[in-house]
$ cat upload_17.txt   # compact mmCIF, C-alpha atoms and all ligand atoms
# COMPACT_ATOMS: atom_id res chain seq x y z
CA MET A 1 -47.19 -8.96 -6.28
CA SER A 2 -47.48 -7.91 -9.90
CA SER A 3 -45.96 -4.46 -10.42
CA ILE A 4 -42.65 -2.91 -9.52
CA SER A 5 -42.77 -0.08 -6.99
CA VAL A 6 -39.30 1.35 -7.53
CA PRO A 7 -39.10 3.11 -10.91
CA PRO A 8 -35.93 3.03 -13.02
CA PRO A 9 -33.67 5.77 -11.67
CA LYS A 10 -33.33 8.81 -13.94
CA CYS A 11 -29.61 9.15 -13.12
CA LEU A 12 -28.85 5.83 -14.75
CA GLN A 13 -30.46 6.92 -17.96
CA LYS A 14 -27.70 9.49 -18.44
CA PRO A 15 -24.29 8.40 -19.74
CA LEU A 16 -21.42 7.86 -17.30
CA THR A 17 -19.06 10.80 -17.14
CA VAL A 18 -15.75 10.81 -15.30
CA PRO A 19 -13.43 13.84 -15.41
CA TYR A 20 -9.68 13.61 -15.88
CA ARG A 21 -7.78 14.69 -12.74
CA HIS A 22 -4.15 14.90 -11.72
CA MET A 23 -4.11 12.29 -8.97
CA PHE A 24 -1.28 13.57 -6.79
CA GLY A 25 -2.70 12.56 -3.41
CA PRO A 26 -1.59 9.48 -1.48
CA GLY A 27 -3.55 7.20 -3.84
CA PRO A 28 -5.04 6.20 -6.15
CA SER A 29 -2.58 7.47 -8.75
CA ASN A 30 -3.33 8.14 -12.41
CA VAL A 31 -3.66 5.01 -14.49
CA PRO A 32 -1.88 5.22 -17.87
CA SER A 33 -4.02 4.34 -20.90
CA ARG A 34 -1.89 1.26 -21.54
CA ILE A 35 -3.03 -0.20 -18.20
CA LEU A 36 -6.65 0.97 -18.60
CA GLU A 37 -6.77 -0.64 -22.04
CA ALA A 38 -5.40 -3.92 -20.69
CA GLY A 39 -8.36 -3.96 -18.31
CA ALA A 40 -10.76 -3.50 -21.21
CA ASN A 41 -9.95 -6.93 -22.68
CA PRO A 42 -12.79 -9.46 -22.88
CA VAL A 43 -13.94 -11.23 -19.75
CA ILE A 44 -13.25 -14.95 -19.89
CA GLY A 45 -13.75 -17.54 -17.19
CA HIS A 46 -11.73 -17.07 -14.02
CA MET A 47 -10.78 -20.76 -14.17
CA HIS A 48 -9.82 -20.81 -17.85
CA PRO A 49 -6.24 -21.86 -18.63
CA GLU A 50 -5.43 -18.43 -20.13
CA ILE A 51 -6.35 -16.79 -16.83
CA PHE A 52 -4.17 -19.24 -14.90
CA GLU A 53 -1.32 -18.26 -17.18
CA ILE A 54 -1.98 -14.56 -16.53
CA MET A 55 -2.06 -15.32 -12.80
CA ASN A 56 1.29 -17.12 -13.12
CA ASP A 57 2.73 -14.06 -14.90
CA ILE A 58 1.40 -11.84 -12.09
CA LYS A 59 3.02 -14.14 -9.55
CA SER A 60 6.41 -13.81 -11.31
CA GLY A 61 5.97 -10.04 -11.44
CA ILE A 62 5.22 -9.88 -7.71
CA GLN A 63 8.22 -12.07 -6.93
CA TYR A 64 10.38 -9.62 -8.88
CA MET A 65 8.79 -6.53 -7.30
CA PHE A 66 9.13 -8.02 -3.79
CA GLN A 67 12.53 -9.62 -4.52
CA THR A 68 11.44 -13.00 -3.24
CA GLN A 69 11.56 -16.62 -4.31
CA ASN A 70 8.49 -17.46 -2.19
CA LYS A 71 6.20 -19.97 -3.85
CA MET A 72 3.32 -18.58 -1.79
CA THR A 73 2.96 -15.37 -3.77
CA LEU A 74 -0.39 -14.16 -5.13
CA ALA A 75 -2.77 -11.21 -5.36
CA VAL A 76 -5.77 -10.93 -3.06
CA SER A 77 -9.00 -9.88 -4.80
CA GLY A 78 -9.49 -6.67 -2.86
CA THR A 79 -7.69 -3.48 -1.89
CA GLY A 80 -4.70 -3.09 0.43
CA HIS A 81 -6.93 -3.62 3.48
CA SER A 82 -7.85 -7.08 2.25
CA ALA A 83 -4.17 -8.01 2.10
CA MET A 84 -3.67 -6.62 5.63
CA GLU A 85 -6.49 -8.81 6.89
CA CYS A 86 -5.27 -11.77 4.85
CA ALA A 87 -1.85 -11.48 6.51
CA ILE A 88 -3.13 -11.03 10.05
CA PHE A 89 -6.12 -13.39 9.93
CA ASN A 90 -4.00 -16.25 8.58
CA ALA A 91 -0.85 -15.74 10.63
CA VAL A 92 -2.47 -15.17 14.03
CA GLU A 93 -4.75 -17.34 16.15
CA PRO A 94 -6.99 -16.03 18.93
CA GLY A 95 -5.07 -15.51 22.17
CA GLU A 96 -1.67 -15.17 20.50
CA SER A 97 0.53 -12.18 21.13
CA VAL A 98 1.00 -9.60 18.37
CA LEU A 99 3.31 -6.61 18.44
CA VAL A 100 2.52 -3.57 16.32
CA ALA A 101 4.93 -0.71 15.68
CA VAL A 102 2.60 2.27 15.43
CA ASN A 103 3.90 5.46 13.84
CA GLY A 104 0.81 6.38 11.90
CA ILE A 105 -2.61 5.11 10.91
CA TRP A 106 -1.50 1.81 9.36
CA GLY A 107 -0.10 0.53 12.64
CA GLU A 108 -3.31 1.64 14.36
CA ARG A 109 -5.40 -0.29 11.84
CA ALA A 110 -3.21 -3.41 11.99
CA ALA A 111 -3.59 -3.39 15.78
CA GLU A 112 -7.36 -3.09 15.45
CA MET A 113 -7.54 -5.99 12.98
CA ALA A 114 -5.51 -8.23 15.28
CA GLU A 115 -7.69 -7.21 18.24
CA ARG A 116 -10.83 -8.11 16.30
CA ILE A 117 -9.68 -11.71 15.95
CA GLY A 118 -8.94 -11.97 19.66
CA ALA A 119 -5.17 -11.57 19.61
CA ARG A 120 -3.34 -10.08 22.58
CA VAL A 121 -2.09 -6.88 21.00
CA ASN A 122 0.78 -4.78 22.28
CA THR A 123 2.01 -1.64 20.61
CA ILE A 124 5.06 0.53 20.60
CA VAL A 125 4.14 4.04 19.58
CA ALA A 126 6.27 6.72 17.95
CA PRO A 127 5.06 10.29 17.43
CA PRO A 128 3.83 11.06 13.89
CA GLY A 129 6.89 11.56 11.69
CA GLY A 130 9.06 9.32 13.86
CA CYS A 131 10.16 5.68 13.66
CA PHE A 132 11.72 2.96 15.84
CA THR A 133 15.30 1.94 16.52
CA ILE A 134 16.41 -1.68 16.43
CA GLU A 135 16.97 -1.45 20.22
CA GLU A 136 13.36 -0.36 20.78
CA MET A 137 12.14 -3.22 18.61
CA GLU A 138 14.29 -5.75 20.47
CA LYS A 139 13.14 -4.52 23.87
CA ALA A 140 9.49 -4.92 22.87
CA LEU A 141 10.05 -8.30 21.22
CA SER A 142 11.75 -9.70 24.29
CA LYS A 143 9.05 -8.28 26.58
CA HIS A 144 5.94 -9.34 24.65
CA ARG A 145 7.22 -12.46 22.83
CA PRO A 146 4.81 -11.94 19.90
CA VAL A 147 4.15 -14.42 17.10
CA LEU A 148 3.98 -11.50 14.66
CA LEU A 149 5.50 -8.01 14.42
CA PHE A 150 3.86 -5.45 12.11
CA VAL A 151 5.80 -2.55 10.61
CA ALA A 152 4.60 -0.14 7.89
CA HIS A 153 7.52 0.42 5.52
CA GLY A 154 5.90 3.43 3.87
CA GLU A 155 3.68 5.16 6.45
CA SER A 156 1.61 7.15 4.01
CA SER A 157 -0.18 9.04 6.80
CA THR A 158 3.05 10.59 8.09
CA GLY A 159 5.41 10.31 5.12
CA VAL A 160 7.94 8.09 6.91
CA LEU A 161 10.00 5.42 5.18
CA HIS A 162 10.79 3.01 8.01
CA PRO A 163 14.24 1.38 7.82
CA LEU A 164 13.83 -2.41 7.57
CA ASP A 165 17.40 -3.74 7.76
CA GLY A 166 18.03 -5.97 10.76
CA ILE A 167 14.43 -6.25 11.94
CA GLY A 168 13.75 -9.54 10.16
CA GLN A 169 16.81 -11.20 11.69
CA LEU A 170 15.78 -9.87 15.09
CA CYS A 171 12.26 -11.25 14.71
CA HIS A 172 13.63 -14.67 13.82
CA LYS A 173 15.84 -14.65 16.92
CA TYR A 174 12.61 -14.28 18.93
CA ASN A 175 10.71 -16.82 16.83
CA CYS A 176 8.38 -14.13 15.54
CA LEU A 177 7.10 -13.53 12.00
CA PHE A 178 7.94 -10.20 10.41
CA LEU A 179 4.97 -8.59 8.61
CA VAL A 180 5.59 -5.50 6.49
CA ASP A 181 3.10 -3.16 4.81
CA CYS A 182 4.66 -1.78 1.63
CA VAL A 183 1.46 -0.47 0.04
CA ALA A 184 2.84 3.05 -0.32
CA SER A 185 6.49 2.21 -0.89
CA ILE A 186 6.99 -0.83 -3.14
CA GLY A 187 8.46 0.01 -6.51
CA GLY A 188 9.34 3.50 -5.24
CA ALA A 189 11.89 2.52 -2.58
CA PRO A 190 14.09 -0.57 -2.12
CA VAL A 191 12.60 -3.64 -0.43
CA TYR A 192 14.35 -7.02 -0.51
CA MET A 193 11.85 -9.45 0.98
CA ASP A 194 14.11 -12.51 1.21
CA GLN A 195 17.33 -10.71 2.14
CA GLN A 196 15.57 -8.61 4.77
CA GLY A 197 13.95 -11.65 6.35
CA ILE A 198 10.41 -10.40 5.77
CA ASP A 199 7.88 -13.21 6.32
CA ILE A 200 4.76 -11.55 4.97
CA LEU A 201 4.76 -8.59 2.61
CA TYR A 202 1.78 -6.98 0.91
CA THR A 203 0.91 -3.99 -1.22
CA GLY A 204 -1.93 -2.52 -3.28
CA SER A 205 -2.34 -1.97 -7.01
CA GLN A 206 -3.18 1.72 -7.10
CA LYS A 207 0.00 3.43 -5.94
CA VAL A 208 3.39 3.01 -7.68
CA LEU A 209 1.94 0.24 -9.86
CA ASN A 210 -0.59 2.70 -11.37
CA ALA A 211 -3.27 0.03 -11.77
CA PRO A 212 -6.87 0.63 -10.65
CA PRO A 213 -7.57 -0.20 -7.00
CA GLY A 214 -8.85 -3.71 -6.34
CA THR A 215 -5.98 -6.19 -6.28
CA ALA A 216 -3.41 -6.61 -3.53
CA PRO A 217 -0.14 -8.50 -4.08
CA ILE A 218 1.01 -10.53 -1.08
CA SER A 219 3.74 -13.07 -0.37
CA PHE A 220 4.44 -15.50 2.48
CA SER A 221 7.81 -17.01 3.45
CA GLU A 222 8.30 -20.70 4.17
CA ARG A 223 8.34 -19.87 7.91
CA ALA A 224 5.05 -18.02 7.63
CA CYS A 225 3.51 -20.94 5.72
CA GLN A 226 4.69 -23.42 8.34
CA LYS A 227 2.90 -21.50 11.06
CA ILE A 228 -0.21 -20.86 8.98
CA PHE A 229 -0.63 -24.43 7.81
CA SER A 230 -0.22 -25.88 11.28
CA ARG A 231 -2.93 -23.70 12.89
CA ARG A 232 -5.18 -25.30 15.49
CA THR A 233 -8.14 -23.13 14.46
CA LYS A 234 -9.45 -22.13 11.05
CA PRO A 235 -8.85 -18.52 10.01
CA VAL A 236 -11.89 -16.38 10.78
CA SER A 237 -12.39 -15.42 7.12
CA PHE A 238 -13.32 -17.92 4.43
CA TYR A 239 -12.68 -15.37 1.68
CA LEU A 240 -9.13 -14.69 2.88
CA ASP A 241 -8.21 -18.23 3.97
CA LEU A 242 -4.70 -18.81 2.60
CA SER A 243 -5.23 -22.51 1.94
CA TRP A 244 -8.05 -21.64 -0.47
CA LEU A 245 -6.19 -18.73 -2.05
CA ALA A 246 -3.02 -20.82 -2.40
CA ASN A 247 -4.98 -23.40 -4.36
CA TYR A 248 -6.69 -20.80 -6.59
CA TRP A 249 -3.29 -19.25 -7.36
CA GLY A 250 -1.61 -22.61 -7.99
CA CYS A 251 0.78 -22.14 -5.05
CA ASP A 252 0.00 -25.35 -3.20
CA GLY A 253 1.45 -27.86 -5.67
CA LYS A 254 -1.92 -29.62 -6.06
CA PRO A 255 -2.68 -30.83 -9.61
CA SER A 256 -6.06 -29.09 -9.87
CA ARG A 257 -7.56 -25.81 -8.77
CA VAL A 258 -10.92 -25.67 -7.04
CA TYR A 259 -13.43 -22.82 -7.28
CA HIS A 260 -13.11 -20.50 -4.30
CA HIS A 261 -14.30 -17.10 -5.54
CA THR A 262 -14.71 -15.51 -8.97
CA GLY A 263 -11.36 -13.88 -9.61
CA PRO A 264 -11.70 -10.29 -10.91
CA VAL A 265 -10.20 -11.15 -14.29
CA THR A 266 -10.16 -7.65 -15.77
CA ALA A 267 -8.38 -6.40 -12.64
CA PHE A 268 -5.83 -9.19 -13.20
CA TYR A 269 -5.24 -7.93 -16.75
CA SER A 270 -4.50 -4.42 -15.45
CA LEU A 271 -2.32 -5.72 -12.66
CA ARG A 272 -0.33 -7.83 -15.12
CA GLU A 273 0.15 -4.81 -17.38
CA SER A 274 1.27 -2.63 -14.48
CA LEU A 275 3.85 -5.25 -13.50
CA SER A 276 5.04 -5.34 -17.14
CA VAL A 277 5.60 -1.59 -16.96
CA LEU A 278 7.70 -2.05 -13.82
CA VAL A 279 9.66 -4.89 -15.40
CA GLU A 280 10.36 -2.76 -18.48
CA GLU A 281 11.70 0.14 -16.44
CA GLY A 282 13.54 -2.08 -13.97
CA LEU A 283 13.18 -1.89 -10.21
CA GLU A 284 16.44 -0.08 -9.54
CA ASN A 285 15.63 2.56 -12.17
CA SER A 286 12.20 3.04 -10.65
CA TRP A 287 13.65 3.43 -7.13
CA GLU A 288 16.17 5.95 -8.40
CA ARG A 289 13.60 7.95 -10.36
CA HIS A 290 11.31 8.21 -7.32
CA LEU A 291 14.21 9.27 -5.10
CA LYS A 292 15.53 11.93 -7.54
CA VAL A 293 12.06 13.34 -8.16
CA ALA A 294 11.34 13.42 -4.42
CA GLU A 295 14.60 15.26 -3.74
CA TYR A 296 13.79 17.78 -6.46
CA PHE A 297 10.31 18.22 -4.97
CA HIS A 298 11.58 18.60 -1.41
CA ALA A 299 14.15 21.22 -2.48
CA GLY A 300 11.39 23.12 -4.31
CA LEU A 301 9.13 23.06 -1.25
CA GLU A 302 11.90 24.31 1.02
CA SER A 303 12.79 27.09 -1.39
CA MET A 304 9.15 28.23 -1.15
CA GLY A 305 9.55 28.44 2.62
CA LEU A 306 7.50 25.32 3.31
CA LYS A 307 8.71 22.76 5.83
CA LEU A 308 8.92 19.01 5.44
CA PHE A 309 7.18 17.08 8.18
CA VAL A 310 9.82 14.32 8.34
CA LYS A 311 12.97 16.00 9.55
CA GLU A 312 15.53 13.32 8.73
CA LYS A 313 16.15 13.05 4.97
CA ARG A 314 16.79 9.29 4.93
CA LEU A 315 13.40 8.69 6.60
CA ARG A 316 11.42 10.56 3.94
CA LEU A 317 9.15 8.40 1.84
CA PRO A 318 9.99 9.15 -1.82
CA THR A 319 6.43 8.39 -2.94
CA VAL A 320 4.28 10.35 -0.47
CA THR A 321 5.59 13.66 0.84
CA THR A 322 4.23 15.23 3.99
CA ILE A 323 4.46 19.01 4.21
CA VAL A 324 3.93 20.79 7.52
CA ALA A 325 0.50 22.43 7.20
CA PRO A 326 1.33 26.05 6.31
CA TYR A 327 0.95 28.27 9.36
CA GLY A 328 -2.11 30.53 9.44
CA TYR A 329 -3.96 28.66 6.69
CA ASP A 330 -6.83 26.22 6.76
CA TRP A 331 -5.44 23.09 5.04
CA LYS A 332 -8.88 22.19 3.71
CA GLU A 333 -9.12 25.50 1.89
CA ILE A 334 -5.73 24.82 0.26
CA THR A 335 -6.64 21.33 -0.97
CA SER A 336 -10.05 22.46 -2.26
CA TYR A 337 -8.56 25.53 -3.96
CA ILE A 338 -5.99 23.36 -5.73
CA MET A 339 -8.63 20.88 -6.80
CA LYS A 340 -10.93 23.62 -8.08
CA THR A 341 -8.33 25.80 -9.74
CA HIS A 342 -5.73 23.27 -10.90
CA ASN A 343 -7.81 20.09 -11.27
CA LEU A 344 -5.26 18.44 -9.05
CA GLU A 345 -5.68 16.27 -5.98
CA ILE A 346 -3.42 16.64 -2.98
CA SER A 347 -4.69 15.76 0.48
CA GLY A 348 -4.56 16.65 4.13
CA GLY A 349 -3.38 14.36 6.92
CA LEU A 350 -4.87 11.03 7.94
CA GLY A 351 -5.32 9.57 11.42
CA PRO A 352 -2.63 11.00 13.70
CA SER A 353 -1.46 13.50 11.07
CA VAL A 354 -4.84 15.19 10.50
CA GLY A 355 -4.43 18.97 10.68
CA LEU A 356 -0.65 18.67 10.81
CA VAL A 357 0.24 18.07 7.19
CA LEU A 358 -0.55 18.28 3.51
CA ARG A 359 0.22 15.09 1.61
CA VAL A 360 1.40 14.85 -1.97
CA GLY A 361 1.82 11.51 -3.69
CA LEU A 362 3.88 11.26 -6.87
CA MET A 363 3.88 7.57 -7.63
CA GLY A 364 4.74 5.43 -10.61
CA CYS A 365 4.13 7.35 -13.85
CA ASN A 366 3.25 10.43 -11.80
CA SER A 367 6.76 10.68 -10.38
CA SER A 368 8.31 13.23 -12.74
CA ARG A 369 9.89 16.69 -12.56
CA GLU A 370 7.08 18.13 -14.71
CA ASN A 371 4.51 16.99 -12.17
CA VAL A 372 6.62 18.40 -9.33
CA ASP A 373 6.64 21.77 -11.12
CA MET A 374 2.87 21.54 -11.51
CA VAL A 375 2.36 20.85 -7.78
CA LEU A 376 4.77 23.60 -6.72
CA ALA A 377 2.98 26.10 -8.96
CA ALA A 378 -0.39 25.03 -7.57
CA LEU A 379 0.84 25.37 -3.99
CA LYS A 380 2.31 28.83 -4.65
CA ASP A 381 -0.95 29.92 -6.19
CA ALA A 382 -2.95 28.52 -3.26
CA LEU A 383 -0.79 30.26 -0.68
CA LYS A 384 -1.31 33.53 -2.56
CA HIS A 385 -5.09 33.18 -2.83
CA CYS A 386 -6.23 31.28 0.27
CA HIS A 387 -7.18 33.09 3.45
CA LYS A 388 -4.27 33.62 5.84
CA SER A 389 -5.01 34.57 9.43
CA LYS A 390 -3.06 37.42 11.00
CA VAL A 391 -2.21 35.53 14.21
N1 LIG B 401 -1.32 0.66 3.91
C1 LIG B 401 -0.81 1.83 3.45
C2 LIG B 401 0.56 2.23 3.82
C3 LIG B 401 -1.59 2.64 2.62
O1 LIG B 401 -1.09 3.80 2.18
C4 LIG B 401 -2.90 2.21 2.28
C5 LIG B 401 -3.78 3.05 1.36
N2 LIG B 401 -3.77 4.39 1.60
C6 LIG B 401 -3.36 1.00 2.78
C7 LIG B 401 -2.55 0.25 3.59
C8 LIG B 401 -4.75 0.50 2.51
O2 LIG B 401 -4.95 0.28 1.17
P1 LIG B 401 -6.41 0.34 0.48
O3 LIG B 401 -6.91 1.74 0.61
O4 LIG B 401 -6.06 -0.05 -0.93
O5 LIG B 401 -7.28 -0.64 1.17

$ encode --input "upload_17.txt" --output "structure tokens"
Amino acid sequence: MSSISVPPPKCLQKPLTVPYRHMFGPGPSNVPSRILEAGANPVIGHMHPEIFEIMNDIKSGIQYMFQTQNKMTLAVSGTGHSAMECAIFNAVEPGESVLVAVNGIWGERAAEMAERIGARVNTIVAPPGGCFTIEEMEKALSKHRPVLLFVAHGESSTGVLHPLDGIGQLCHKYNCLFLVDCVASIGGAPVYMDQQGIDILYTGSQKVLNAPPGTAPISFSERACQKIFSRRTKPVSFYLDLSWLANYWGCDGKPSRVYHHTGPVTAFYSLRESLSVLVEEGLENSWERHLKVAEYFHAGLESMGLKLFVKEKRLRLPTVTTIVAPYGYDWKEITSYIMKTHNLEISGGLGPSVGLVLRVGLMGCNSSRENVDMVLAALKDALKHCHKSKV
């Protein structure tokens, strides 16, 4: 075996080119140069003291963003899905009962993940655009007696912001952990992890935080830790095993940290910078900005004759807006036209909302009136130029 049989690919002999785009879909969002530049700092060892300090800063930033005092707060090296699996794989043992509130794709996926590890999964299902009342939650909790209830706070597939007040307390009455997905909502809408009795909360880096995809903040309450650290079986995933991650992130009180995996240090730099941006603006200011911009956007859409998919105002996610797919048009033609003509990404539906909606995400630095005006102009132009059927 003396010569190589696969020649060097021609494509890799050309320089990398990436266009600039307005990233106004449901994620990823645009990354400001300040955050990109943070990620361009030199790579040093993932176990060097400077990195541990950066990880500690990230931890404080997540505690602020989540409004929690939880010691067990860290970022998973992976996207939002890795945090979902980290939550479910650690909190649930095979054969245990899990309840999933499904009102879009994220509930569907959480149910599938729990099924894959052999949990007994029950769901309550609301039509796309809907959500659940406290009474419906209580009925299902008392019937299925789950160890874990999953709710997506920001259902990015349907544009619903699910009310959280009261659910945590209800879960605790039934000795159940409350798991919340806030990937699409955190930083753009209020969440108070401790006050709302949320036991496990996770998000991703690429939405309101405006960092590149690849890190996923997550936090576990004392109750969640008690259950997780008294498991009879080991979690199915080594990579996502909380006892290992807790040690790597210095959350377990042990004097030294042991190698588990090579932390993506440059992604940590960007994540730290994105949390700094949030700290500088202040959570309440960020919530208010997202709400005001969303209201301005929604009024603009309605004045164009478009309809919002989520009927009740208080249930509309301020970060990701779902617009009823304009009648007589092919939604794919609209999104491609806008991409081609305006260099701007918006998207169609996902999972149960496919074909029903267009989705526009204005998150973090993208949430501004100027960007709303840009999207409205692009939509007007698309409705003028795309094919409309007569029927
Ligand atoms: N949950 C919600 C609500 C999301 O919007 C997303 C991303 N669209 C995810 C989970 C999964 O995140 P990721 O794509 O980063 O794995």

$ closest_residue --input "upload_17.txt" --among "A:Trp106, A:Tyr259, A:Tyr248, A:Phe220" --to "ligand LIG 401 (chain B)" --atoms "only C-alpha atoms and all ligand atoms"
A:Trp106

$ residues_near_ligand --input "upload_17.txt" --ligand "ligand LIG 401 (chain B)" --cutoff "8 Å" --atoms "all atoms listed in the file" --output "JSON list (two decimals) with C-alpha atoms, in the frame of the given file"
[["chain", "number", "residue", "atom", "x", "y", "z"],
["A", 26, "PRO", "CA", -1.59, 9.48, -1.48],
["A", 27, "GLY", "CA", -3.55, 7.20, -3.84],
["A", 78, "GLY", "CA", -9.49, -6.67, -2.86],
["A", 79, "THR", "CA", -7.69, -3.48, -1.89],
["A", 80, "GLY", "CA", -4.70, -3.09, 0.43],
["A", 81, "HIS", "CA", -6.93, -3.62, 3.48],
["A", 82, "SER", "CA", -7.85, -7.08, 2.25],
["A", 84, "MET", "CA", -3.67, -6.62, 5.63],
["A", 106, "TRP", "CA", -1.50, 1.81, 9.36],
["A", 152, "ALA", "CA", 4.60, -0.14, 7.89],
["A", 153, "HIS", "CA", 7.52, 0.42, 5.52],
["A", 154, "GLY", "CA", 5.90, 3.43, 3.87],
["A", 155, "GLU", "CA", 3.68, 5.16, 6.45],
["A", 156, "SER", "CA", 1.61, 7.15, 4.01],
["A", 157, "SER", "CA", -0.18, 9.04, 6.80],
["A", 181, "ASP", "CA", 3.10, -3.16, 4.81],
["A", 182, "CYS", "CA", 4.66, -1.78, 1.63],
["A", 183, "VAL", "CA", 1.46, -0.47, 0.04],
["A", 184, "ALA", "CA", 2.84, 3.05, -0.32],
["A", 185, "SER", "CA", 6.49, 2.21, -0.89],
["A", 203, "THR", "CA", 0.91, -3.99, -1.22],
["A", 204, "GLY", "CA", -1.93, -2.52, -3.28],
["A", 205, "SER", "CA", -2.34, -1.97, -7.01],
["A", 206, "GLN", "CA", -3.18, 1.72, -7.10],
["A", 213, "PRO", "CA", -7.57, -0.20, -7.00],
["A", 214, "GLY", "CA", -8.85, -3.71, -6.34],
["A", 216, "ALA", "CA", -3.41, -6.61, -3.53]]

$ residues_near_point --input "upload_17.txt" --point "(-1.9, -9.6, 11.8)" --cutoff "12 Å" --atoms "only C-alpha atoms" --output "mmCIF file with C-alpha atoms, in the coordinates of the input"
data_model
loop_
_atom_site.group_PDB
_atom_site.id
_atom_site.type_symbol
_atom_site.label_atom_id
_atom_site.label_comp_id
_atom_site.auth_asym_id
_atom_site.auth_seq_id
_atom_site.Cartn_x
_atom_site.Cartn_y
_atom_site.Cartn_z
ATOM 1 C CA HIS A 81 -6.930 -3.620 3.480
ATOM 2 C CA SER A 82 -7.850 -7.080 2.250
ATOM 3 C CA ALA A 83 -4.170 -8.010 2.100
ATOM 4 C CA MET A 84 -3.670 -6.620 5.630
ATOM 5 C CA GLU A 85 -6.490 -8.810 6.890
ATOM 6 C CA CYS A 86 -5.270 -11.770 4.850
ATOM 7 C CA ALA A 87 -1.850 -11.480 6.510
ATOM 8 C CA ILE A 88 -3.130 -11.030 10.050
ATOM 9 C CA PHE A 89 -6.120 -13.390 9.930
ATOM 10 C CA ASN A 90 -4.000 -16.250 8.580
ATOM 11 C CA ALA A 91 -0.850 -15.740 10.630
ATOM 12 C CA VAL A 92 -2.470 -15.170 14.030
ATOM 13 C CA GLU A 93 -4.750 -17.340 16.150
ATOM 14 C CA PRO A 94 -6.990 -16.030 18.930
ATOM 15 C CA GLU A 96 -1.670 -15.170 20.500
ATOM 16 C CA SER A 97 0.530 -12.180 21.130
ATOM 17 C CA VAL A 98 1.000 -9.600 18.370
ATOM 18 C CA LEU A 99 3.310 -6.610 18.440
ATOM 19 C CA VAL A 100 2.520 -3.570 16.320
ATOM 20 C CA ALA A 101 4.930 -0.710 15.680
ATOM 21 C CA TRP A 106 -1.500 1.810 9.360
ATOM 22 C CA GLY A 107 -0.100 0.530 12.640
ATOM 23 C CA GLU A 108 -3.310 1.640 14.360
ATOM 24 C CA ARG A 109 -5.400 -0.290 11.840
ATOM 25 C CA ALA A 110 -3.210 -3.410 11.990
ATOM 26 C CA ALA A 111 -3.590 -3.390 15.780
ATOM 27 C CA GLU A 112 -7.360 -3.090 15.450
ATOM 28 C CA MET A 113 -7.540 -5.990 12.980
ATOM 29 C CA ALA A 114 -5.510 -8.230 15.280
ATOM 30 C CA GLU A 115 -7.690 -7.210 18.240
ATOM 31 C CA ARG A 116 -10.830 -8.110 16.300
ATOM 32 C CA ILE A 117 -9.680 -11.710 15.950
ATOM 33 C CA GLY A 118 -8.940 -11.970 19.660
ATOM 34 C CA ALA A 119 -5.170 -11.570 19.610
ATOM 35 C CA ARG A 120 -3.340 -10.080 22.580
ATOM 36 C CA VAL A 121 -2.090 -6.880 21.000
ATOM 37 C CA ASN A 122 0.780 -4.780 22.280
ATOM 38 C CA PRO A 146 4.810 -11.940 19.900
ATOM 39 C CA VAL A 147 4.150 -14.420 17.100
ATOM 40 C CA LEU A 148 3.980 -11.500 14.660
ATOM 41 C CA LEU A 149 5.500 -8.010 14.420
ATOM 42 C CA PHE A 150 3.860 -5.450 12.110
ATOM 43 C CA VAL A 151 5.800 -2.550 10.610
ATOM 44 C CA CYS A 176 8.380 -14.130 15.540
ATOM 45 C CA LEU A 177 7.100 -13.530 12.000
ATOM 46 C CA PHE A 178 7.940 -10.200 10.410
ATOM 47 C CA LEU A 179 4.970 -8.590 8.610
ATOM 48 C CA VAL A 180 5.590 -5.500 6.490
ATOM 49 C CA ASP A 181 3.100 -3.160 4.810
ATOM 50 C CA ASP A 199 7.880 -13.210 6.320
ATOM 51 C CA ILE A 200 4.760 -11.550 4.970
ATOM 52 C CA LEU A 201 4.760 -8.590 2.610
ATOM 53 C CA TYR A 202 1.780 -6.980 0.910
ATOM 54 C CA ALA A 224 5.050 -18.020 7.630
ATOM 55 C CA ILE A 228 -0.210 -20.860 8.980
ATOM 56 C CA PRO A 235 -8.850 -18.520 10.010
#

$ atom_distance --input "upload_17.txt" --atom1 "atom CA of A:Val125" --atom2 "atom CA of A:Lys227"
27.0 Å

$ atom_distance --input "upload_17.txt" --atom1 "atom CA of A:Ile338" --atom2 "atom CA of A:Leu379"
7.3 Å

$ residues_around --input "upload_17.txt" --residues "stretch 344-354 of chain A" --least-positions-apart "2" --cutoff "9 Å" --atoms "only C-alpha atoms" --output "PyMOL selection string"
chain A and resi 21-26+103-106+108+127-129+156-158+322+325+331-332+335-336+338-342+356-361+375+378

$ residues_around --input "upload_17.txt" --residues "A:Gly300" --least-positions-apart "4" --cutoff "8 Å" --atoms "all atoms listed in the file" --output "VMD selection string"
chain A and resid 296 304 376

$ write_last_selection --input "upload_17.txt" --atoms "C-alpha atoms" --output "CSV table (one decimal), in the coordinates of the input"
chain,number,residue,atom,x,y,z
A,296,TYR,CA,13.8,17.8,-6.5
A,304,MET,CA,9.2,28.2,-1.2
A,376,LEU,CA,4.8,23.6,-6.7

$ closest_residue --input "upload_17.txt" --among "A:Ser389, A:Asn343, A:Ser77, A:Ser142" --to "A:Pro326" --atoms "all atoms listed in the file"
A:Ser389

$ atom_distance --input "upload_17.txt" --atom1 "atom CA of A:Glu37" --atom2 "atom CA of A:Thr266"
10.0 Å

$ residues_around --input "upload_17.txt" --residues "stretch 279-287 of chain A" --least-positions-apart "6" --cutoff "12 Å" --atoms "all atoms listed in the file" --output "MDAnalysis selection string"
chainID A and resid 57:58 60:67 185:192 208:209 272:273 293:294 317:319 363:368

$ closest_residue --input "upload_17.txt" --among "A:Ser33, A:Lys10, A:Thr73, A:Phe309" --to "A:Val277" --atoms "all atoms listed in the file"
A:Ser33
